[in-house]
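Data first, discussion second: the structure below is written as structure tokens.
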Amino acid sequence: MVYLICFNRPYRRVRHYAGSTDHIAPRMKEHARGHGARLMEVITEAGIRWQLVAVWKGGRKEERLFKNQKNSARYCPVCRPAYLARRRAQVATREARRREAERKEAA
């Protein structure tokens, strides 16, 4: 299984951790104790709370594919609304700039 953990506040700029395991419950207990992954150890030491927000079928290969996308917020049900709002704002800004450039070019 591939899983996604969302932090209640960012650690530096990191808001998510993705991992894979065959046994989710024991792995979450390891993370809760700050074991298993260096990032989860640091998060625990910093007093940052976290929650398991998504689980998918797959193993290490799928975990690597997920991490290579470098955009966990897109898949996080907690962060997705804010992610989509940022994307809409970016598209609107880009469109406004394009229209302004076209207007200046036509003048």
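Each chain of the structure tokens is named A, B, ... in the order shown, its residues numbered from 1; ligands are numbered from 1 in display order.
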* All residues 10 Å or closer to range 14-30 of chain A, only C-alpha atoms, same chain fewer than 3 positions away omitted, as a PyMOL selection string -> chain A and resi 1-11+33-37+39-41+43+50-64+66-67+71-73+76+79
* Would you mind writing down, as a PyMOL selection string, each residue of chain A that DSSP on the backbone assigns to alpha helix (DSSP H)? => chain A and resi 24-32+38-45+60-68+80-106
For C-alpha atoms, I'd like the residues from the last selection saved as a PDB file, in the first residue's frame.
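Resulting contents of out_21.pdb:
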ATOM      1  CA  ILE A  24      -0.483  -0.023   7.545  1.00  0.00           C
ATOM      2  CA  ALA A  25      -1.408  -0.166  11.258  1.00  0.00           C
ATOM      3  CA  PRO A  26       2.051  -1.192  12.531  1.00  0.00           C
ATOM      4  CA  ARG A  27       3.686   1.347  10.208  1.00  0.00           C
ATOM      5  CA  MET A  28       1.524   4.178  11.575  1.00  0.00           C
ATOM      6  CA  LYS A  29       2.494   3.150  15.113  1.00  0.00           C
ATOM      7  CA  GLU A  30       6.163   3.321  14.107  1.00  0.00           C
ATOM      8  CA  HIS A  31       5.642   6.805  12.691  1.00  0.00           C
ATOM      9  CA  ALA A  32       3.782   7.892  15.834  1.00  0.00           C
ATOM     10  CA  ARG A  38      13.800  10.372   9.187  1.00  0.00           C
ATOM     11  CA  LEU A  39      11.192  13.002   8.276  1.00  0.00           C
ATOM     12  CA  MET A  40       8.652  11.441  10.632  1.00  0.00           C
ATOM     13  CA  GLU A  41      11.283  11.426  13.387  1.00  0.00           C
ATOM     14  CA  VAL A  42      11.932  15.147  12.842  1.00  0.00           C
ATOM     15  CA  ILE A  43       8.198  15.913  12.718  1.00  0.00           C
ATOM     16  CA  THR A  44       7.648  14.071  15.992  1.00  0.00           C
ATOM     17  CA  GLU A  45      10.551  15.903  17.660  1.00  0.00           C
ATOM     18  CA  ARG A  60       7.617   0.834  -3.713  1.00  0.00           C
ATOM     19  CA  LYS A  61       7.299   1.414  -7.460  1.00  0.00           C
ATOM     20  CA  GLU A  62       4.007   3.295  -7.080  1.00  0.00           C
ATOM     21  CA  GLU A  63       5.395   5.212  -4.094  1.00  0.00           C
ATOM     22  CA  ARG A  64       8.338   6.386  -6.217  1.00  0.00           C
ATOM     23  CA  LEU A  65       6.016   7.408  -9.073  1.00  0.00           C
ATOM     24  CA  PHE A  66       3.909   9.376  -6.585  1.00  0.00           C
ATOM     25  CA  LYS A  67       6.908  11.113  -5.010  1.00  0.00           C
ATOM     26  CA  ASN A  68       8.390  11.985  -8.406  1.00  0.00           C
ATOM     27  CA  ARG A  80      -6.774  19.871  -2.142  1.00  0.00           C
ATOM     28  CA  PRO A  81      -9.301  22.758  -1.850  1.00  0.00           C
ATOM     29  CA  ALA A  82      -6.512  25.278  -1.166  1.00  0.00           C
ATOM     30  CA  TYR A  83      -4.399  23.736  -3.931  1.00  0.00           C
ATOM     31  CA  LEU A  84      -7.237  24.097  -6.435  1.00  0.00           C
ATOM     32  CA  ALA A  85      -7.868  27.705  -5.372  1.00  0.00           C
ATOM     33  CA  ARG A  86      -4.181  28.545  -5.944  1.00  0.00           C
ATOM     34  CA  ARG A  87      -4.261  26.877  -9.357  1.00  0.00           C
ATOM     35  CA  ARG A  88      -7.405  28.803 -10.374  1.00  0.00           C
ATOM     36  CA  ALA A  89      -5.776  32.075  -9.280  1.00  0.00           C
ATOM     37  CA  GLN A  90      -2.629  31.247 -11.281  1.00  0.00           C
ATOM     38  CA  VAL A  91      -4.656  30.481 -14.403  1.00  0.00           C
ATOM     39  CA  ALA A  92      -6.707  33.676 -13.992  1.00  0.00           C
ATOM     40  CA  THR A  93      -3.545  35.779 -13.606  1.00  0.00           C
ATOM     41  CA  ARG A  94      -1.962  34.157 -16.649  1.00  0.00           C
ATOM     42  CA  GLU A  95      -5.109  34.785 -18.708  1.00  0.00           C
ATOM     43  CA  ALA A  96      -5.319  38.420 -17.580  1.00  0.00           C
ATOM     44  CA  ARG A  97      -1.690  38.999 -18.591  1.00  0.00           C
ATOM     45  CA  ARG A  98      -2.286  37.363 -21.968  1.00  0.00           C
ATOM     46  CA  ARG A  99      -5.374  39.521 -22.630  1.00  0.00           C
ATOM     47  CA  GLU A 100      -3.490  42.666 -21.572  1.00  0.00           C
ATOM     48  CA  ALA A 101      -0.612  41.813 -23.919  1.00  0.00           C
ATOM     49  CA  GLU A 102      -3.061  41.210 -26.774  1.00  0.00           C
ATOM     50  CA  ARG A 103      -4.821  44.511 -26.046  1.00  0.00           C
ATOM     51  CA  LYS A 104      -1.511  46.427 -26.092  1.00  0.00           C
ATOM     52  CA  GLU A 105      -0.448  44.674 -29.286  1.00  0.00           C
ATOM     53  CA  ALA A 106      -3.729  45.571 -31.000  1.00  0.00           C
TER      54      ALA A 106
END
* Hey, what does DSSP flag as strand (DSSP E or B) within range 16-69 of chain A? Can you give it to me as a PyMOL selection string? -> chain A and resi 16-20+50-56
Let's have the selection written as a PDB file, in the first residue's frame, with N, CA and C atoms.
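Listing of out.pdb after writing:
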ATOM      1  N   HIS A  16       3.651  17.120   3.661  1.00  0.00           N
ATOM      2  CA  HIS A  16       3.191  15.748   3.476  1.00  0.00           C
ATOM      3  C   HIS A  16       4.346  14.764   3.527  1.00  0.00           C
ATOM      4  N   TYR A  17       3.994  13.517   3.840  1.00  0.00           N
ATOM      5  CA  TYR A  17       4.939  12.414   3.746  1.00  0.00           C
ATOM      6  C   TYR A  17       4.223  11.275   3.038  1.00  0.00           C
ATOM      7  N   ALA A  18       4.859  10.677   2.070  1.00  0.00           N
ATOM      8  CA  ALA A  18       4.319   9.511   1.376  1.00  0.00           C
ATOM      9  C   ALA A  18       5.235   8.336   1.629  1.00  0.00           C
ATOM     10  N   GLY A  19       4.641   7.185   1.820  1.00  0.00           N
ATOM     11  CA  GLY A  19       5.416   5.977   2.044  1.00  0.00           C
ATOM     12  C   GLY A  19       4.667   4.769   1.535  1.00  0.00           C
ATOM     13  N   SER A  20       5.266   3.600   1.705  1.00  0.00           N
ATOM     14  CA  SER A  20       4.597   2.363   1.307  1.00  0.00           C
ATOM     15  C   SER A  20       4.870   1.303   2.358  1.00  0.00           C
ATOM     16  N   TRP A  50       0.078  14.940  12.869  1.00  0.00           N
ATOM     17  CA  TRP A  50      -0.152  14.489  11.511  1.00  0.00           C
ATOM     18  C   TRP A  50      -1.324  13.529  11.481  1.00  0.00           C
ATOM     19  N   GLN A  51      -1.825  13.311  10.262  1.00  0.00           N
ATOM     20  CA  GLN A  51      -2.899  12.343  10.096  1.00  0.00           C
ATOM     21  C   GLN A  51      -2.728  11.595   8.779  1.00  0.00           C
ATOM     22  N   LEU A  52      -3.128  10.350   8.790  1.00  0.00           N
ATOM     23  CA  LEU A  52      -3.156   9.547   7.581  1.00  0.00           C
ATOM     24  C   LEU A  52      -4.375   9.997   6.786  1.00  0.00           C
ATOM     25  N   VAL A  53      -4.164  10.458   5.542  1.00  0.00           N
ATOM     26  CA  VAL A  53      -5.281  11.023   4.783  1.00  0.00           C
ATOM     27  C   VAL A  53      -5.657  10.213   3.545  1.00  0.00           C
ATOM     28  N   ALA A  54      -4.770   9.346   3.074  1.00  0.00           N
ATOM     29  CA  ALA A  54      -5.096   8.568   1.879  1.00  0.00           C
ATOM     30  C   ALA A  54      -4.251   7.307   1.818  1.00  0.00           C
ATOM     31  N   VAL A  55      -4.831   6.263   1.246  1.00  0.00           N
ATOM     32  CA  VAL A  55      -4.136   4.991   1.043  1.00  0.00           C
ATOM     33  C   VAL A  55      -4.518   4.481  -0.344  1.00  0.00           C
ATOM     34  N   TRP A  56      -3.514   4.021  -1.111  1.00  0.00           N
ATOM     35  CA  TRP A  56      -3.748   3.465  -2.437  1.00  0.00           C
ATOM     36  C   TRP A  56      -3.096   2.101  -2.533  1.00  0.00           C
TER      37      TRP A  56
END
